[in-house]
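What follows is a single structure, written as structure tokens, with notes after it.
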Amino acid sequence: MSWRATIAVLAVIWTVLYANATVGAIGQLIESRVGPDDTSTTWAAVLSVTRLIVSAVLVVAILVVIKNWRNLTWTQLGIPYQRWLHGRWERTELVKIRRRTTKSAFIGFFVAVGAAASISLIVGGMDADQNIGSGNLLVAVIQCIRAGIFEEIGMIAIPAALVLYRTQIDRPTGNRWPVVALVIGSGIARAVPHIYYGPGALVWAFTWGAIVMIVFLRTRRILPIIAAHITWDLCVTAILQL
């Protein structure tokens, strides 16, 4: 598939997954009106949960469609085969390397968050007091799980799969431009939907997204990055609930 076709597919995926969130974020910034979804009634909570689950399922479905369309392997998508049930009893060097890689991906996400937070303190222009978390604990937890799945697959795994691989036997080449495009694109994709935190959030979220993409390209592991994102959001939610 040509670069034009690849960009067109990415544009369609962005529109399907993020257009609503992006427009909403910009509108909230303009109106200075940021708040959680309405969960004041049981019906409103059910609608919110349904929307969250559907969006997470949608992004996973798109990843599976890309895998089958390009005839890619799960390893190329960042989900390598690993003997989770028996690997802990093995002491081979290969197993140790795989575990270290998985740990590096998990820790790398928090390094990205820390670096982005440090830059946001220097740049400023960001309202960190904005609280978009739900007052309903169940909805809040589902929001955390959905964010990890939706954002990391949609902003990391899917673009990387489309840009780096065309067939099952493809391997990333020494050409740096696709990698540069992925890092910059991931930063922009992460920044725009978070603009409701203020203009300074563009720098914060761009740094966060760009470093997470670098972590993924270095480790080729998406599941520990998803797990780290969910863990981070759950910790933030727990603090907000106190």
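Chains: A, B, ... in order of the structure tokens. Residues: from 1 per chain. Ligands: from 1, in order shown.
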
*Surrounding residues of stretch 198-215 of chain A excluding itself and chain neighbours under 5 positions, 8 Å, only C-alpha atoms, as a PyMOL selection string*: chain A and resi 29+105+108-109+112-113+115-117+119-120+123-127+156+182-192+220

TODO: Run DSSP on the backbone and give me the residues of stretch 36-235 of chain A it puts in helix (DSSP H, G or I), as a ChimeraX atom specification.
DONE: /A:42-70,87-89,93-123,137-164,177-197,200-219,223-235

To one decimal in Å, tell me the separation between atom CA of A:Leu72 and atom CA of A:Ala157.
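Interatomic distance here is 12.5 Å.
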
The residue from A:Ala11, A:Ala161, A:Val141, A:Ala45 with the smallest atom-to-atom distance to A:Asn71, counting only C-alpha atoms, is A:Ala161

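When atom CA of A:Leu138 is paired with atom CA of A:Trp232, their separation reads 16.6 Å.
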
For A:Leu137: contacts at 12 Å, only C-alpha atoms, fewer than 6 positions along chain excluded, given as a PDB file with N, CA, C and O atoms, in the first residue's frame:
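Output (selection.pdb):
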```pdb
ATOM      1  N   THR A  39     -23.778  11.106  35.126  1.00  0.00           N
ATOM      2  CA  THR A  39     -24.117   9.778  35.661  1.00  0.00           C
ATOM      3  C   THR A  39     -25.065   9.920  36.841  1.00  0.00           C
ATOM      4  O   THR A  39     -25.059   9.096  37.751  1.00  0.00           O
ATOM      5  N   ALA A  45     -25.889   6.590  33.603  1.00  0.00           N
ATOM      6  CA  ALA A  45     -24.693   5.790  33.889  1.00  0.00           C
ATOM      7  C   ALA A  45     -24.562   4.620  32.916  1.00  0.00           C
ATOM      8  O   ALA A  45     -23.466   4.312  32.438  1.00  0.00           O
ATOM      9  N   VAL A  49     -21.464   3.969  30.364  1.00  0.00           N
ATOM     10  CA  VAL A  49     -20.708   2.707  30.359  1.00  0.00           C
ATOM     11  C   VAL A  49     -20.760   2.055  28.982  1.00  0.00           C
ATOM     12  O   VAL A  49     -19.753   1.559  28.468  1.00  0.00           O
ATOM     13  N   GLN A 143     -13.891   3.879  32.805  1.00  0.00           N
ATOM     14  CA  GLN A 143     -13.198   4.931  32.062  1.00  0.00           C
ATOM     15  C   GLN A 143     -11.692   4.679  32.030  1.00  0.00           C
ATOM     16  O   GLN A 143     -11.039   4.858  30.994  1.00  0.00           O
ATOM     17  N   CYS A 144     -11.137   4.253  33.147  1.00  0.00           N
ATOM     18  CA  CYS A 144      -9.699   3.988  33.230  1.00  0.00           C
ATOM     19  C   CYS A 144      -9.305   2.829  32.320  1.00  0.00           C
ATOM     20  O   CYS A 144      -8.302   2.904  31.595  1.00  0.00           O
ATOM     21  N   LEU A 234      -6.089   4.485  37.217  1.00  0.00           N
ATOM     22  CA  LEU A 234      -6.740   3.997  38.440  1.00  0.00           C
ATOM     23  C   LEU A 234      -6.157   4.677  39.672  1.00  0.00           C
ATOM     24  O   LEU A 234      -6.905   5.020  40.598  1.00  0.00           O
ATOM     25  N   THR A 237      -7.538   8.192  39.727  1.00  0.00           N
ATOM     26  CA  THR A 237      -8.951   8.122  40.123  1.00  0.00           C
ATOM     27  C   THR A 237      -9.087   7.897  41.620  1.00  0.00           C
ATOM     28  O   THR A 237      -9.928   8.513  42.283  1.00  0.00           O
ATOM     29  N   ALA A 238      -8.259   7.002  42.169  1.00  0.00           N
ATOM     30  CA  ALA A 238      -8.310   6.711  43.605  1.00  0.00           C
ATOM     31  C   ALA A 238      -7.972   7.957  44.415  1.00  0.00           C
ATOM     32  O   ALA A 238      -8.607   8.230  45.438  1.00  0.00           O
ATOM     33  N   LEU A 240      -8.411  11.075  43.439  1.00  0.00           N
ATOM     34  CA  LEU A 240      -9.524  12.023  43.300  1.00  0.00           C
ATOM     35  C   LEU A 240     -10.727  11.625  44.155  1.00  0.00           C
ATOM     36  O   LEU A 240     -11.502  12.501  44.563  1.00  0.00           O
ATOM     37  N   GLN A 241     -10.856  10.332  44.426  1.00  0.00           N
ATOM     38  CA  GLN A 241     -11.973   9.870  45.232  1.00  0.00           C
ATOM     39  C   GLN A 241     -11.771  10.120  46.722  1.00  0.00           C
ATOM     40  O   GLN A 241     -12.723  10.035  47.506  1.00  0.00           O
ATOM     41  N   LEU A 242     -10.526  10.396  47.119  1.00  0.00           N
ATOM     42  CA  LEU A 242     -10.239  10.595  48.538  1.00  0.00           C
ATOM     43  C   LEU A 242     -10.776  11.936  49.031  1.00  0.00           C
ATOM     44  O   LEU A 242     -10.852  12.897  48.305  1.00  0.00           O
TER      45      LEU A 242
END
```

TODO: Skip stretch 55-57 of chain A itself and residues of its chain fewer than 2 positions away, then list as a PyMOL selection string all residues within 7 Å of it, counting only C-alpha atoms.
DONE: chain A and resi 51-53+59-61+146+149-150

Original post:
So how far away is atom CA of A:Ile226 from atom CA of A:Asn136, in Å?
Top reply: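 Between atom CA of A:Asn136 and atom CA of A:Ile226 the gap works out to 22.7 Å.
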
Best match for closeness to A:Ile145 among A:Ala227, A:Val179, A:Ile222, A:Gly114, counting only C-alpha atoms
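Answer, going by the shortest atom-to-atom distance: A:Ala227.
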
- Contacts of stretch 90-104 of chain A at 9 Å or less, counting only C-alpha atoms, minus same-chain residues fewer than 6 places along, as a PyMOL selection string? chain A and resi 82-83+215+218-221+223-225

Can I get the selected residues back with all heavy atoms, as a short mmCIF file (atom, residue, chain, number, x, y, z; two decimals), in the first residue's frame?
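Wrote it out as again01.cif, contents follow:
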```cif
data_model
loop_
_atom_site.label_atom_id
_atom_site.label_comp_id
_atom_site.auth_asym_id
_atom_site.auth_seq_id
_atom_site.Cartn_x
_atom_site.Cartn_y
_atom_site.Cartn_z
N GLN A 82 3.95 -15.43 24.25
CA GLN A 82 4.72 -15.60 25.45
C GLN A 82 4.02 -16.62 26.34
O GLN A 82 2.80 -16.53 26.56
CB GLN A 82 4.87 -14.27 26.20
CG GLN A 82 6.02 -14.26 27.17
CD GLN A 82 6.45 -12.84 27.51
OE1 GLN A 82 6.15 -11.89 26.79
NE2 GLN A 82 7.14 -12.68 28.61
N ARG A 83 4.76 -17.57 26.83
CA ARG A 83 4.17 -18.64 27.64
C ARG A 83 3.97 -18.15 29.07
O ARG A 83 4.76 -18.41 29.97
CB ARG A 83 5.07 -19.88 27.61
CG ARG A 83 5.20 -20.51 26.24
CD ARG A 83 6.15 -21.68 26.25
NE ARG A 83 5.67 -22.74 27.16
CZ ARG A 83 6.39 -23.82 27.46
NH1 ARG A 83 7.61 -23.96 26.98
NH2 ARG A 83 5.89 -24.72 28.27
N VAL A 215 8.88 4.29 23.36
CA VAL A 215 8.94 3.09 24.21
C VAL A 215 8.40 1.88 23.45
O VAL A 215 9.01 0.79 23.48
CB VAL A 215 8.13 3.31 25.51
CG1 VAL A 215 7.97 2.00 26.28
CG2 VAL A 215 8.80 4.36 26.38
N ARG A 218 10.78 0.69 20.77
CA ARG A 218 11.96 0.04 21.34
C ARG A 218 11.64 -1.36 21.87
O ARG A 218 12.48 -2.25 21.81
CB ARG A 218 12.52 0.89 22.48
CG ARG A 218 13.08 2.22 22.05
CD ARG A 218 14.45 2.10 21.42
NE ARG A 218 15.44 1.60 22.37
CZ ARG A 218 16.71 1.37 22.05
NH1 ARG A 218 17.12 1.58 20.80
NH2 ARG A 218 17.57 0.93 22.94
N THR A 219 10.46 -1.53 22.41
CA THR A 219 10.12 -2.80 23.07
C THR A 219 9.21 -3.70 22.26
O THR A 219 9.19 -4.91 22.44
CB THR A 219 9.44 -2.53 24.42
OG1 THR A 219 8.20 -1.84 24.20
CG2 THR A 219 10.33 -1.70 25.33
N ARG A 220 8.40 -3.10 21.37
CA ARG A 220 7.39 -3.82 20.59
C ARG A 220 6.45 -4.62 21.50
O ARG A 220 6.12 -5.76 21.24
CB ARG A 220 8.06 -4.77 19.58
CG ARG A 220 9.01 -4.07 18.62
CD ARG A 220 8.29 -2.95 17.89
NE ARG A 220 9.23 -2.10 17.17
CZ ARG A 220 9.35 -2.06 15.85
NH1 ARG A 220 8.55 -2.80 15.12
NH2 ARG A 220 10.21 -1.27 15.28
N ARG A 221 6.01 -3.97 22.56
CA ARG A 221 5.06 -4.58 23.51
C ARG A 221 3.95 -3.57 23.78
O ARG A 221 4.19 -2.51 24.36
CB ARG A 221 5.74 -4.93 24.83
CG ARG A 221 6.88 -5.91 24.74
CD ARG A 221 6.38 -7.32 24.48
NE ARG A 221 7.42 -8.31 24.69
CZ ARG A 221 8.35 -8.64 23.81
NH1 ARG A 221 8.37 -8.02 22.62
NH2 ARG A 221 9.25 -9.56 24.07
N LEU A 223 0.78 -4.58 25.26
CA LEU A 223 -0.01 -4.97 26.44
C LEU A 223 0.52 -4.37 27.74
O LEU A 223 -0.27 -3.87 28.55
CB LEU A 223 -0.09 -6.50 26.54
CG LEU A 223 -0.87 -7.20 25.42
CD1 LEU A 223 -0.93 -8.71 25.68
CD2 LEU A 223 -2.27 -6.63 25.29
N PRO A 224 1.85 -4.40 28.01
CA PRO A 224 2.31 -3.75 29.24
C PRO A 224 2.11 -2.24 29.24
O PRO A 224 1.91 -1.64 30.30
CB PRO A 224 3.81 -4.11 29.29
CG PRO A 224 4.16 -4.55 27.92
CD PRO A 224 2.93 -5.13 27.33
N ILE A 225 2.12 -1.61 28.06
CA ILE A 225 1.83 -0.18 27.99
C ILE A 225 0.37 0.09 28.33
O ILE A 225 0.05 1.03 29.06
CB ILE A 225 2.18 0.36 26.58
CG1 ILE A 225 3.69 0.31 26.37
CG2 ILE A 225 1.67 1.79 26.40
CD1 ILE A 225 4.14 0.74 24.98
#
```
